[in-house]
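Okay, structure first, notes after.
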Amino acid sequence: MKTDIQIAQEATLLPIKDIAAQLGISEDDLELYGKYKAKLSDELTERVQGNPDGKLILVTAINPTPAGEGKTTTSIGLAQAMGKLKKRTLLALREPSLGPCFGIKGGAAGGGYAQVVPMEDLNLHFTGDFHAITSANNLLAALLDNHIQQGNELGIDPRQVVWKRCLDMNDRVLRNVVVGLGNKMDGMVREDHFVITVASEIMAVLCLADDLEDLKTRLGRIIVAYRFDGNPVTAEDLSATGAMAALLKDALKPNLIQTLEHTPAIVHGGPFANIAHGCNSVRATKTARKLADYVITEAGFGADLGAEKFFDIKCRMANLVPDAVVLVATIRALKYNGGVSKQDLPKENVAALKAGIVNLEKHIENLQKYGVPVVVTLNSFLTDTQAETDFVREFCKERGCEFALSEVWEKGGEGGIELAQTLLHTLENKESKFTLLYEDSLSLTEKIETVAKEIYGAGEVSYAKSAEKELARIEDLGMKNFPVCMAKTQYSLSDDPTKLGRPNGFTLQVREVYACAGAGFVVAVTGAIMTMPGLPKHPAANDISVEAGGRITGLF
């Protein structure tokens, strides 16, 4: 069986100008990064604003398991299938982080015969967007520490520096560090921290900004520290906004590549959904809707994280109304939720499937709260039996959901025809009555508790003393109307990754809260979730290499 990278490297790619031509984009509107990838010009983005909006379809999933779900693979295969049905379709995906690529999770280019290419470029440096975000983040950190060193005119309390440095790598030893060691000229000694680049507020700002002016406004609002008198210090106070925007001006432009079957794909931005807001850029999504009749996008991890944030943060801020949701599951993952060990998943076990399908049931119920039509798709495996498939099909229909099998990993677009046709039927016959989960006017604690109880199934929420204190300060600073961005394990509906299925009545532990004033949301960190991941015992990096001639091996 061929690996993903073998399939990708054997593919025949079209020049990116030919892919762009499918969307009516001329070569003059492309900023080329070689033959097979390009950025879309600002002029194009502005020129298409008068075009009608295409249908917006979100692809999400049940909670991830070691058995695999295939959300991004399904997104890509569905877009390829829509292309086979002669529908003008555009993918809008996130960019991968180097951390998972070299760690354990893998990349974000899909798999099998449903991939975006060139996959090596996408999974590694791509067009440099993440490097620009990392540089802007760390420039702000350097300017902050330099200001303190050079006399501290703003009266910054070094004990209340909240801006963290970042790195697009899983490096646990950087979570908590001490800086400024050495002589007097090396800066003030203080505790500092790193987050992974995809958790940086700069990533969120870039992904939520409408244009360059909005980007600069958001960058200027970022809170980096507090003064001795308790007032916040912003990036604008440090005169950092202009230089940061200069580093980000090209990163703000969406990237265009293609699938294995030459379907156009805009891939831009990449915040994680377990520690950030989990969606590709607003700019990419809005531009895609002006260029195509159908836009297929995805949001990270399970629907409890990615879909909730897509709706309650991205759609709220960008005034987007999704037309349908595709919810991805696998029989293997449902059986795993039902207590079956990974090695026993290939065996038919309808009883375990019945026990584990409660996870899918909860995600269906959650999505229906938003008033958007739901299509459930089973990402098919060869070990699935007819009895198992029939059970899931009937289960979904009883809950008012359309259902389709997907075989896109094995067959590419051809394997997604049933799903594409089911989606089109849903779009034609069911109207989206999209509504948000909570109103802006609720307090921050009410918003946190609404998500915890309505989406996760918690009985109550417990706050660390420091989190309670910070919530009060954030509201006093005028950010009560912000939506909340929950940082939570992706492996469970609860904040405990070992609680599979559908846990109920648990206490959600909020241990930290901080404001992202530039992004426009408040982050609540729950359980043991980390904003700087670590590497596993055997990192994927150990298996990656490059041959003579530049051919990369071992990348999935």
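By convention here, the chains of the structure tokens are called A, B, ... in the order presented, each chain's residues are numbered starting at 1, and ligands are numbered starting at 1 in the order presented.
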
Find the spatial neighbours of Leu477 of chain A, counting only C-alpha atoms, within a cut-off of 12 Å - ignore same-chain residues fewer than 2 positions away - and output them as a JSON list (two decimals) with C-alpha atoms, in the first residue's frame.
```json
[["chain", "number", "residue", "atom", "x", "y", "z"],
["A", 223, "ILE", "CA", -2.37, 43.68, 25.65],
["A", 226, "TYR", "CA", 0.08, 45.82, 32.97],
["A", 230, "GLY", "CA", -2.95, 48.18, 37.02],
["A", 231, "ASN", "CA", -3.71, 49.70, 33.61],
["A", 232, "PRO", "CA", -2.97, 47.64, 30.49],
["A", 233, "VAL", "CA", -0.08, 48.28, 28.10],
["A", 470, "GLU", "CA", -8.70, 37.76, 35.88],
["A", 471, "LEU", "CA", -12.29, 37.43, 34.64],
["A", 472, "ALA", "CA", -13.26, 40.34, 36.87],
["A", 473, "ARG", "CA", -10.36, 42.44, 35.58],
["A", 474, "ILE", "CA", -11.17, 41.66, 31.93],
["A", 475, "GLU", "CA", -14.80, 42.73, 32.43],
["A", 479, "MET", "CA", -14.28, 43.24, 27.32],
["A", 480, "LYS", "CA", -17.42, 41.66, 28.75],
["A", 481, "ASN", "CA", -19.02, 41.46, 25.29],
["A", 482, "PHE", "CA", -16.21, 39.32, 23.85],
["A", 515, "ALA", "CA", -7.85, 38.36, 27.18],
["A", 517, "ALA", "CA", -7.93, 42.07, 23.00]]
```

Can you list, as an mmCIF file with C-alpha atoms, in the first residue's frame, every residue of segment 168-399 of chain A that DSSP puts in strand (DSSP E)?
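Written output follows (part_30.cif):
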```
data_model
loop_
_atom_site.group_PDB
_atom_site.id
_atom_site.type_symbol
_atom_site.label_atom_id
_atom_site.label_comp_id
_atom_site.auth_asym_id
_atom_site.auth_seq_id
_atom_site.Cartn_x
_atom_site.Cartn_y
_atom_site.Cartn_z
ATOM 1 C CA VAL A 177 11.747 29.863 31.272
ATOM 2 C CA VAL A 178 13.799 32.579 32.975
ATOM 3 C CA VAL A 179 15.146 35.409 30.809
ATOM 4 C CA ARG A 190 11.995 37.592 35.039
ATOM 5 C CA GLU A 191 9.949 34.503 34.345
ATOM 6 C CA ASP A 192 8.838 34.130 30.718
ATOM 7 C CA PHE A 194 6.594 30.279 25.086
ATOM 8 C CA VAL A 195 3.486 29.142 23.219
ATOM 9 C CA ILE A 196 3.396 27.299 19.923
ATOM 10 C CA ILE A 223 -2.371 43.684 25.648
ATOM 11 C CA VAL A 224 1.246 42.831 26.456
ATOM 12 C CA ALA A 225 1.538 43.770 30.127
ATOM 13 C CA TYR A 226 0.077 45.820 32.966
ATOM 14 C CA ARG A 227 1.498 48.929 34.600
ATOM 15 C CA PRO A 232 -2.971 47.641 30.486
ATOM 16 C CA VAL A 233 -0.084 48.277 28.099
ATOM 17 C CA THR A 234 -0.766 47.582 24.420
ATOM 18 C CA ASN A 255 -2.582 30.996 -0.571
ATOM 19 C CA LEU A 256 -3.843 29.009 -3.575
ATOM 20 C CA ILE A 257 -2.868 25.392 -4.306
ATOM 21 C CA GLN A 258 -4.710 22.329 -5.691
ATOM 22 C CA THR A 259 -5.947 18.850 -4.811
ATOM 23 C CA PRO A 264 -8.647 24.702 -6.316
ATOM 24 C CA ALA A 265 -7.825 25.052 -2.622
ATOM 25 C CA ILE A 266 -7.228 28.212 -0.597
ATOM 26 C CA VAL A 267 -5.100 27.298 2.421
ATOM 27 C CA TYR A 294 -19.718 26.081 -3.084
ATOM 28 C CA VAL A 295 -17.050 26.607 -0.420
ATOM 29 C CA ILE A 296 -16.025 23.663 1.724
ATOM 30 C CA THR A 297 -14.132 24.559 4.878
ATOM 31 C CA GLU A 298 -13.155 22.739 8.055
ATOM 32 C CA ALA A 324 -24.787 23.101 6.034
ATOM 33 C CA VAL A 325 -22.512 21.018 8.240
ATOM 34 C CA VAL A 326 -20.905 17.677 7.383
ATOM 35 C CA LEU A 327 -20.135 15.645 10.513
ATOM 36 C CA VAL A 328 -17.461 12.985 10.006
ATOM 37 C CA ALA A 329 -17.275 9.757 11.993
ATOM 38 C CA VAL A 374 -26.469 18.328 9.345
ATOM 39 C CA VAL A 375 -25.168 15.572 7.067
ATOM 40 C CA VAL A 376 -23.393 12.684 8.817
ATOM 41 C CA THR A 377 -20.794 10.819 6.794
ATOM 42 C CA LEU A 378 -19.004 7.619 7.697
ATOM 43 C CA ASN A 379 -15.402 7.613 6.515
#
```

Helix (DSSP H, G or I) call set, DSSP backbone run, segment 226-424 of chain A, as a PyMOL selection string = chain A and resi 241-248+282-291+303-318+331-337+342-344+350-356+358-368+386-398+408-424

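The smallest atom-to-atom distance between Met203 of chain A and any of A:Arg316, A:His125, A:Arg94, A:Arg399, using only C-alpha atoms, is found for A:Arg94.
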
query = Hey, what's within 12 Å of segment 39-43 of chain A if we count only C-alpha atoms and toss same-chain stuff fewer than 4 positions away? As a ChimeraX atom specification, please?
reply = /A:16-17,20,23,25-35,47-49,126-129,210-212,249-257,265-268,283-284,287-288,291

query = When you draw a straight line from atom CA of Leu508 of chain A to atom CA of Val451 of chain A, how long is it in Å?
reply =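 Between atom CA of Leu508 of chain A and atom CA of Val451 of chain A the gap works out to 10.5 Å.
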
task = Tell me which of A:Val198, A:Leu260, A:Met530, A:Leu143 sits closest to Ala114 of chain A, counting only C-alpha atoms.
result =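 Between A:Val198, A:Leu260, A:Met530, A:Leu143, the residue approaching Ala114 of chain A most closely is A:Leu260.
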
query = Do you know which residues are at most 8 Å from Glu95 of chain A counting only C-alpha atoms, after dropping those on the same chain fewer than 6 positions away, and could you put them as a ChimeraX atom specification?
reply = /A:108,122-123,267-270,280

key: Shell around segment 70-86 of chain A at 8 Å using only C-alpha atoms, local window under 5 positions removed, as a VMD selection string   = chain A and resid 59 to 61 91 108 to 116 259 261 263 296 to 298 328 to 329 379 406 408 to 409 412 to 417 419 to 420

Export of prior selection with N, CA, C and O atoms as a short mmCIF file (atom, residue, chain, number, x, y, z; two decimals), in the first residue's frame:
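Saved to out.cif:
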```cif
data_model
loop_
_atom_site.label_atom_id
_atom_site.label_comp_id
_atom_site.auth_asym_id
_atom_site.auth_seq_id
_atom_site.Cartn_x
_atom_site.Cartn_y
_atom_site.Cartn_z
N VAL A 59 -17.10 21.32 7.45
CA VAL A 59 -16.85 19.91 7.74
C VAL A 59 -16.23 19.83 9.13
O VAL A 59 -15.22 20.47 9.42
N THR A 60 -16.86 19.04 10.00
CA THR A 60 -16.36 18.84 11.35
C THR A 60 -16.41 17.35 11.67
O THR A 60 -16.65 16.54 10.78
N ALA A 61 -16.18 16.97 12.93
CA ALA A 61 -16.04 15.55 13.24
C ALA A 61 -16.41 15.27 14.69
O ALA A 61 -16.61 16.19 15.49
N LEU A 91 -12.07 24.76 -1.98
CA LEU A 91 -11.73 24.39 -0.61
C LEU A 91 -11.18 25.60 0.12
O LEU A 91 -10.50 26.44 -0.48
N ALA A 108 -1.65 18.32 7.70
CA ALA A 108 -3.04 18.72 7.44
C ALA A 108 -3.29 18.80 5.95
O ALA A 108 -3.96 19.70 5.47
N ALA A 109 -2.75 17.84 5.21
CA ALA A 109 -2.90 17.84 3.76
C ALA A 109 -3.86 16.76 3.28
O ALA A 109 -3.98 16.51 2.09
N GLY A 110 -4.57 16.11 4.21
CA GLY A 110 -5.44 15.00 3.83
C GLY A 110 -4.66 13.70 3.75
O GLY A 110 -3.57 13.58 4.32
N GLY A 111 -5.23 12.72 3.04
CA GLY A 111 -4.55 11.43 2.94
C GLY A 111 -5.10 10.58 1.82
O GLY A 111 -6.18 10.84 1.29
N GLY A 112 -4.33 9.56 1.45
CA GLY A 112 -4.74 8.68 0.37
C GLY A 112 -4.89 9.45 -0.92
O GLY A 112 -3.98 10.20 -1.32
N TYR A 113 -6.05 9.28 -1.57
CA TYR A 113 -6.29 9.96 -2.85
C TYR A 113 -7.17 11.21 -2.68
O TYR A 113 -7.77 11.68 -3.63
N ALA A 114 -7.16 11.72 -1.45
CA ALA A 114 -7.83 12.98 -1.16
C ALA A 114 -6.83 13.87 -0.43
O ALA A 114 -6.83 13.95 0.80
N GLN A 115 -5.94 14.50 -1.19
CA GLN A 115 -4.89 15.32 -0.63
C GLN A 115 -4.81 16.66 -1.36
O GLN A 115 -5.18 16.77 -2.53
N VAL A 116 -4.29 17.67 -0.66
CA VAL A 116 -3.88 18.90 -1.33
C VAL A 116 -2.38 18.83 -1.56
O VAL A 116 -1.63 18.28 -0.73
N THR A 259 -5.84 20.22 -5.29
CA THR A 259 -5.95 18.85 -4.81
C THR A 259 -5.33 17.91 -5.85
O THR A 259 -4.93 18.33 -6.93
N GLU A 261 -6.82 16.04 -7.68
CA GLU A 261 -7.67 16.05 -8.87
C GLU A 261 -7.85 17.47 -9.41
O GLU A 261 -8.78 17.75 -10.16
N THR A 263 -8.69 20.31 -8.03
CA THR A 263 -9.69 21.21 -7.47
C THR A 263 -8.95 22.35 -6.76
O THR A 263 -8.01 22.10 -6.01
N ILE A 296 -16.11 24.71 0.70
CA ILE A 296 -16.03 23.66 1.72
C ILE A 296 -14.86 24.01 2.64
O ILE A 296 -13.71 24.11 2.20
N THR A 297 -15.16 24.22 3.91
CA THR A 297 -14.13 24.56 4.88
C THR A 297 -14.18 23.58 6.03
O THR A 297 -15.10 22.77 6.13
N GLU A 298 -13.18 23.63 6.90
CA GLU A 298 -13.15 22.74 8.05
C GLU A 298 -12.71 23.52 9.28
O GLU A 298 -12.16 24.60 9.17
N VAL A 328 -18.20 14.19 10.38
CA VAL A 328 -17.46 12.99 10.01
C VAL A 328 -17.29 12.06 11.21
O VAL A 328 -16.93 12.50 12.30
N ALA A 329 -17.52 10.78 10.98
CA ALA A 329 -17.28 9.76 11.99
C ALA A 329 -16.74 8.51 11.31
O ALA A 329 -16.80 8.40 10.08
N ASN A 379 -16.64 7.82 7.26
CA ASN A 379 -15.40 7.61 6.51
C ASN A 379 -15.13 6.11 6.52
O ASN A 379 -14.81 5.53 7.55
N SER A 406 -18.53 7.63 2.79
CA SER A 406 -17.43 8.29 2.10
C SER A 406 -16.28 7.30 1.93
O SER A 406 -15.86 6.66 2.90
N VAL A 408 -13.37 8.38 0.14
CA VAL A 408 -12.47 9.27 -0.59
C VAL A 408 -11.00 8.94 -0.37
O VAL A 408 -10.17 9.22 -1.24
N TRP A 409 -10.64 8.38 0.77
CA TRP A 409 -9.24 8.03 0.99
C TRP A 409 -8.78 7.02 -0.07
O TRP A 409 -7.69 7.15 -0.63
N GLY A 412 -10.60 8.75 -3.94
CA GLY A 412 -10.59 10.17 -4.30
C GLY A 412 -12.00 10.70 -4.50
O GLY A 412 -12.94 10.30 -3.81
N GLY A 413 -12.15 11.62 -5.43
CA GLY A 413 -13.45 12.24 -5.66
C GLY A 413 -14.55 11.26 -5.97
O GLY A 413 -15.71 11.45 -5.55
N GLU A 414 -14.24 10.21 -6.70
CA GLU A 414 -15.23 9.20 -7.05
C GLU A 414 -15.84 8.59 -5.79
O GLU A 414 -17.04 8.27 -5.75
N GLY A 415 -15.03 8.43 -4.74
CA GLY A 415 -15.51 7.86 -3.49
C GLY A 415 -16.33 8.82 -2.65
O GLY A 415 -16.87 8.44 -1.61
N GLY A 416 -16.45 10.08 -3.11
CA GLY A 416 -17.24 11.06 -2.38
C GLY A 416 -18.50 11.47 -3.09
O GLY A 416 -19.21 12.39 -2.64
N ILE A 417 -18.84 10.79 -4.19
CA ILE A 417 -20.03 11.16 -4.98
C ILE A 417 -21.31 11.05 -4.15
O ILE A 417 -22.16 11.95 -4.17
N LEU A 419 -21.67 11.28 -0.94
CA LEU A 419 -21.68 12.37 0.03
C LEU A 419 -22.01 13.70 -0.65
O LEU A 419 -22.83 14.49 -0.15
N ALA A 420 -21.41 13.95 -1.80
CA ALA A 420 -21.66 15.21 -2.53
C ALA A 420 -23.12 15.32 -2.93
O ALA A 420 -23.75 16.39 -2.79
#
```

message = Measuring between only C-alpha atoms, which one of A:Glu394, A:Glu388, A:Asp171, A:Glu236 shows the shortest distance to Leu144 of chain A?
response =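 Closest candidate: A:Glu236.
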
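Each of A:Gly550, A:Gly278, A:Gly457, A:Pro66 was checked against Gln343 of chain A using only C-alpha atoms; the smallest atom-to-atom distance is that of A:Pro66.
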
inquiry  = Need the shell around Asp304 of chain A: protein/DNA/RNA residues with any atom at most 7 Å away, counting only C-alpha atoms. Skip same-chain ones fewer than 3 positions apart. Format as a PyMOL selection string?
reply    = chain A and resi 307-308+455-456+493

May I have the residues within 6 Å of Thr489 of chain A as a CSV table (one decimal) with N, CA, C and O atoms, in the first residue's frame, using only C-alpha atoms and disregarding those fewer than 6 positions away in the same chain?
```csv
chain,number,residue,atom,x,y,z
A,274,ASN,N,-7.8,23.2,19.9
A,274,ASN,CA,-7.8,22.8,21.3
A,274,ASN,C,-7.2,24.0,22.2
A,274,ASN,O,-7.6,24.0,23.3
A,495,ASP,N,-13.1,17.9,30.1
A,495,ASP,CA,-11.7,18.3,30.2
A,495,ASP,C,-10.8,17.2,30.6
A,495,ASP,O,-9.6,17.5,30.8
A,529,ILE,N,-4.7,21.1,29.7
A,529,ILE,CA,-4.3,21.5,28.3
A,529,ILE,C,-3.1,22.5,28.3
A,529,ILE,O,-3.0,23.3,29.2
```
